[in-house]
Structures are given as structure tokens and as C-alpha cells.
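Colleague: First the structure, then my questions, so here it is.
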Amino acid sequence: MNSKQKVLYISQEVTPYLPETHMGHLCQYIPHRVQEEGFEVRTFMPKYGCINERRNQLHEVIRLSGLNIPVDDNDHPLIIKVATLQSSRMQVYFIDNDDYFRHHAVSDLEIRETPEENDERLIFFVRGVMETAKKLRWEPARIHCSGWVTALAPLYLKKAYADDPTIGRAKVVFSLFNDAFDGTLDPRFQEKLRMDGFPDEEIAVLGTDPVDWLALNKLAIDYADGVVVASEDVPAELLEYAKASGKPMLESWADEVEGAPMVEFYNAL
């Protein structure tokens with residue numbers, strides 16, 4: 001790692017902001033353990049409508065907000081909020097927008113309540129993280145992505161932001177979970193990615209049919225520098241694809257894993 005020893009986490013969900021799940025627990029626990037190993041860490045996640053801003057002490061960061069993110073030729077204002085996990089003093093940044101994340105209590109996460117919007121929600125979330133990281137001028141040596149909501153991040157980092165001095169040099173890790181969504185993304189998903197500057201050859205693994213969960217994860221593996229198997233029941237097809245890629249793999253990520261093995265994995269990339 002470089003002397004700054006910074007790791008940026010992009011997470012689909014983080015405990016305690018959402019009801020605890022295996023993924024949410026790991027996305028809180030691992031950054032905390034890595035921080036205890038002497039690293040600086042920051043985390044990004046979506047600002048789902050069910051997250052109580054008052055109880056969790058979220059506040060908007062005006063200097064980071066206000067940018068418009070174009071998706072499918074429409075501009076969507078980017079709102080950035082931040083909170084601090086009291087147990088670890090770790091900063092968590094929330095990507096927010098009125099179009100993709102509701103500002104009222106909902107019975108479930110938007111990614112499940114309005115799945116028809118997920119293709120654009122993913123593009124907006126990942127681009128929002130990239131643009132905010134640039135504004136922060138906080139240069140991570142490693143960027144660790146967890147969950148299918150973050151699956152576009154390796155592609156954007158390696159292609160759209162490869163020349164950016166803040167985030168373009170980071171090594172990218174992608175964690176595989178058994179968190180499949182039903183059905184497929186919008187049939188125009190590949191077209192929307194092409195509109196964002198990605199030619200067909202860069203998204204070839206998505207094919208021409210509507211994109212399902214497996215294809216989305218394979219795209220993330222293609223552009224990641226390393227892969228973590230974060231659930232014991234990840235589908236065999238995905239594990240075989242990751243192994244065939246030849247990328248370094250950490251094949252177990254138990255609930256109580258220590259920070260040192262993850263740091264060693266980061267260092268080995």
C-alpha cells in the first residue's frame with residue numbers, strides 16, 4: 001500500500017443503518033477491523049428511504065452536493081449526506097436523489113420496491129460515488145465494492161475514471177454475495193451504458209439480452225483486480241467464472257474475520 005494507506009468501501013448496505021443482514025454486518029465490521037490495522041477508511045452506500053436521518057444523525061454536505069448526474073439523457077441532482085458510526089468513528093457517505101431514493105419511510109429497500117428503476121439507479125449511484133470521491137480529493141489505494149448495487153463500480157473506475165488522479169490508480173476489489181435479484185434489468189441497460197461512453201467491447205459480457213444478476217456480477221469480476229467470496233453459498237457458476245479469470249481471490253470471509261487477512265489481500269494486489 002502507499003504511505004497514505006486509505007481504503008474506500010462502496011457498499012450495498014451497512015449495519016446499523018438498515019436491519020442487520022450478513023452483507024450489512026460485514027460491510028460495517030470489515031472496514032472497522034481494517035481501520036484498527038492502521039488504515040484510513042471511508043464508506044459509501046445508497047440513502048434508502050427507510051434510513052431514519054434524525055436517529056442516525058445524517059446531515060447534507062452542501063459543498064459536495066449540487067452536481068447533476070446525467071442518466072439516459074436526463075439530469076438527476078446528486079445529494080450527499082454523511083454520518084459517523086459512533087462505535088468506530090468511521091465516516092459513512094450516503095448517495096441520495098429524489099428520483100431514485102424515496103424521502104419517506106418505505107416497507108422495503110427501493111432496489112426491491114421499484115426494481116424497474118434499478119438499471120438507472122445503479123448508474124446514478126456509482127457515478128455519484130465517483131464524483132464525490134473526486135471532490136473529496138481523498139486518494140484511496142484500494143476501493144472495495146460489495147453487493148450487486150456496486151457492480152458497475154469496477155467498470156467505471158477502470159474505464160471512465162482511469163485517468164483521474166484521485167481514484168484512477170486504486171486497485172479494485174469486488175465481493176461476491178449470494179444476494180440475487182429476480183428477473184432482469186431494463187432491456188435498454190446496455191444502451192444506457194453506451195450513452196455513458198462504454199463501447200460494446202467493454203460490456204461484451206452483458207450480451208444483448210436483458211441483464212440478470214449473474215451477468216452483472218461477471219461484469220464486476222472482469223474489471224476488478226481481486227475478488228472476495230463473501231458468502232459460503234455463492235453460485236458455482238459465479239465462482240467458476242471468478243477462478244477462470246485468474247484474479248487473486250480470498251475465498252472465505254467469515255463473520256468474525258480479522259482485519260489482518262484482508263489487509264494482506266489488499267497488499268498482494
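Just remember, in the C-alpha cells the first chain shown is A, the second B, etc., residues are 1-based per chain, and ligands are 1-based in the order shown.
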Find the residues near Ala83 of chain A: any atom within 7 Å, counting only C-alpha atoms, skip ones fewer than 6 places away on the same chain, and give them as an MDAnalysis selection string.

Modeller: chainID A and resid 57:59 91:93

Colleague: Per residue of segment 136-224 of chain A within 10 Å of segment 231-244 of chain A, what are the shortest atom pair and its distance in Å to one decimal, counting only C-alpha atoms, with rows by chain and residue number, as JSON lines?

Modeller:
{"residue": "A:Ser175", "atom": "CA", "partner": "A:Ser231", "partner_atom": "CA", "distance": 8.9}
{"residue": "A:Leu176", "atom": "CA", "partner": "A:Val234", "partner_atom": "CA", "distance": 6.9}
{"residue": "A:Phe177", "atom": "CA", "partner": "A:Ser231", "partner_atom": "CA", "distance": 5.0}
{"residue": "A:Asn178", "atom": "CA", "partner": "A:Val234", "partner_atom": "CA", "distance": 4.8}
{"residue": "A:Asp179", "atom": "CA", "partner": "A:Val234", "partner_atom": "CA", "distance": 8.5}
{"residue": "A:Ala180", "atom": "CA", "partner": "A:Val234", "partner_atom": "CA", "distance": 9.6}
{"residue": "A:Leu214", "atom": "CA", "partner": "A:Leu238", "partner_atom": "CA", "distance": 6.9}
{"residue": "A:Ala215", "atom": "CA", "partner": "A:Leu238", "partner_atom": "CA", "distance": 9.2}
{"residue": "A:Asn217", "atom": "CA", "partner": "A:Leu238", "partner_atom": "CA", "distance": 7.7}
{"residue": "A:Lys218", "atom": "CA", "partner": "A:Leu238", "partner_atom": "CA", "distance": 7.2}
{"residue": "A:Ala220", "atom": "CA", "partner": "A:Ala242", "partner_atom": "CA", "distance": 9.9}
{"residue": "A:Ile221", "atom": "CA", "partner": "A:Ala242", "partner_atom": "CA", "distance": 6.4}
{"residue": "A:Asp222", "atom": "CA", "partner": "A:Ala242", "partner_atom": "CA", "distance": 8.4}

Colleague: Grab the residues selected above and save them as a CSV table (one decimal), in the first residue's frame with C-alpha atoms.

Modeller:
chain,number,residue,atom,x,y,z
A,175,SER,CA,-17.1,-9.1,-3.0
A,176,LEU,CA,-19.4,-11.8,-4.2
A,177,PHE,CA,-22.6,-12.4,-2.1
A,178,ASN,CA,-25.5,-14.7,-2.7
A,179,ASP,CA,-27.9,-11.8,-3.0
A,180,ALA,CA,-29.5,-12.4,-6.3
A,214,LEU,CA,-25.2,-13.3,-12.9
A,215,ALA,CA,-24.2,-11.2,-15.9
A,217,ASN,CA,-21.6,-9.8,-11.3
A,218,LYS,CA,-19.5,-11.2,-14.1
A,220,ALA,CA,-17.7,-6.6,-12.0
A,221,ILE,CA,-15.3,-9.6,-11.9
A,222,ASP,CA,-14.0,-8.6,-15.4

Colleague: Report the distance between atom CA of Gly147 of chain A and atom CA of Val71 of chain A in Å, rounded to one decimal place.

Modeller: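 For atom CA of Gly147 of chain A relative to atom CA of Val71 of chain A, the distance reads 21.2 Å.
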
Colleague: Determine, counting only C-alpha atoms, which protein, DNA and RNA residues have an atom within 10 Å of an atom of Met195 of chain A; residues of the same chain fewer than 3 positions away are not included. Present the result as a count of residues only.

Modeller: 10

Colleague: Mind checking DSSP for segment 91-216 of chain A and telling me the strand (DSSP E or B) residues as a ChimeraX atom specification?

Modeller: /A:91-96,142-146,171-176

Colleague: Quick one: pick out all helix (DSSP H, G or I) residues within segment 92-173 of chain A from a backbone DSSP run and write them as a PyMOL selection string.

Modeller: chain A and resi 110-113+115-136+148-150+153-160

Colleague: Nearest to Arg127 of chain A among A:Asp182, A:Glu139, A:Asp196, A:Glu113, with distances taken over only C-alpha atoms: which residue is it?

Modeller: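 Between A:Asp182, A:Glu139, A:Asp196, A:Glu113, the residue approaching Arg127 of chain A most closely is A:Asp196.
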
Colleague: Tell me which protein, DNA and RNA residues are within 12 Å of Tyr161 of chain A, counting only C-alpha atoms, leaving out same-chain ones fewer than 3 positions away, and put them as a list of chain:residue names.

Modeller: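 Residues meeting the cut-off are A:Val126, A:Arg127, A:Val129, A:Met130, A:Glu131, A:Ala133, A:Lys134, A:Ala153, A:Pro154, A:Leu155, A:Tyr156, A:Leu157, A:Lys158, A:Asp164, A:Pro165, A:Thr166, A:Ile167, A:Gly168, A:Arg169, A:Ala170, A:Asp196, A:Gly197, A:Phe198.
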
Colleague: Under the rule that only C-alpha atoms are counted, which of A:Asp212, A:Leu109, A:Lys135, A:Ile10 is the nearest residue to Pro187 of chain A?

Modeller: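 Among A:Asp212, A:Leu109, A:Lys135, A:Ile10, it is A:Asp212 that comes nearest to Pro187 of chain A.
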
Colleague: For a quick check of understanding, using only C-alpha atoms, which of A:Ile203, A:Leu18, A:Val61, A:Ile111 has the smallest distance to Leu219 of chain A?

Modeller: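 Residue with the minimum atom-to-atom distance to Leu219 of chain A: A:Ile203.
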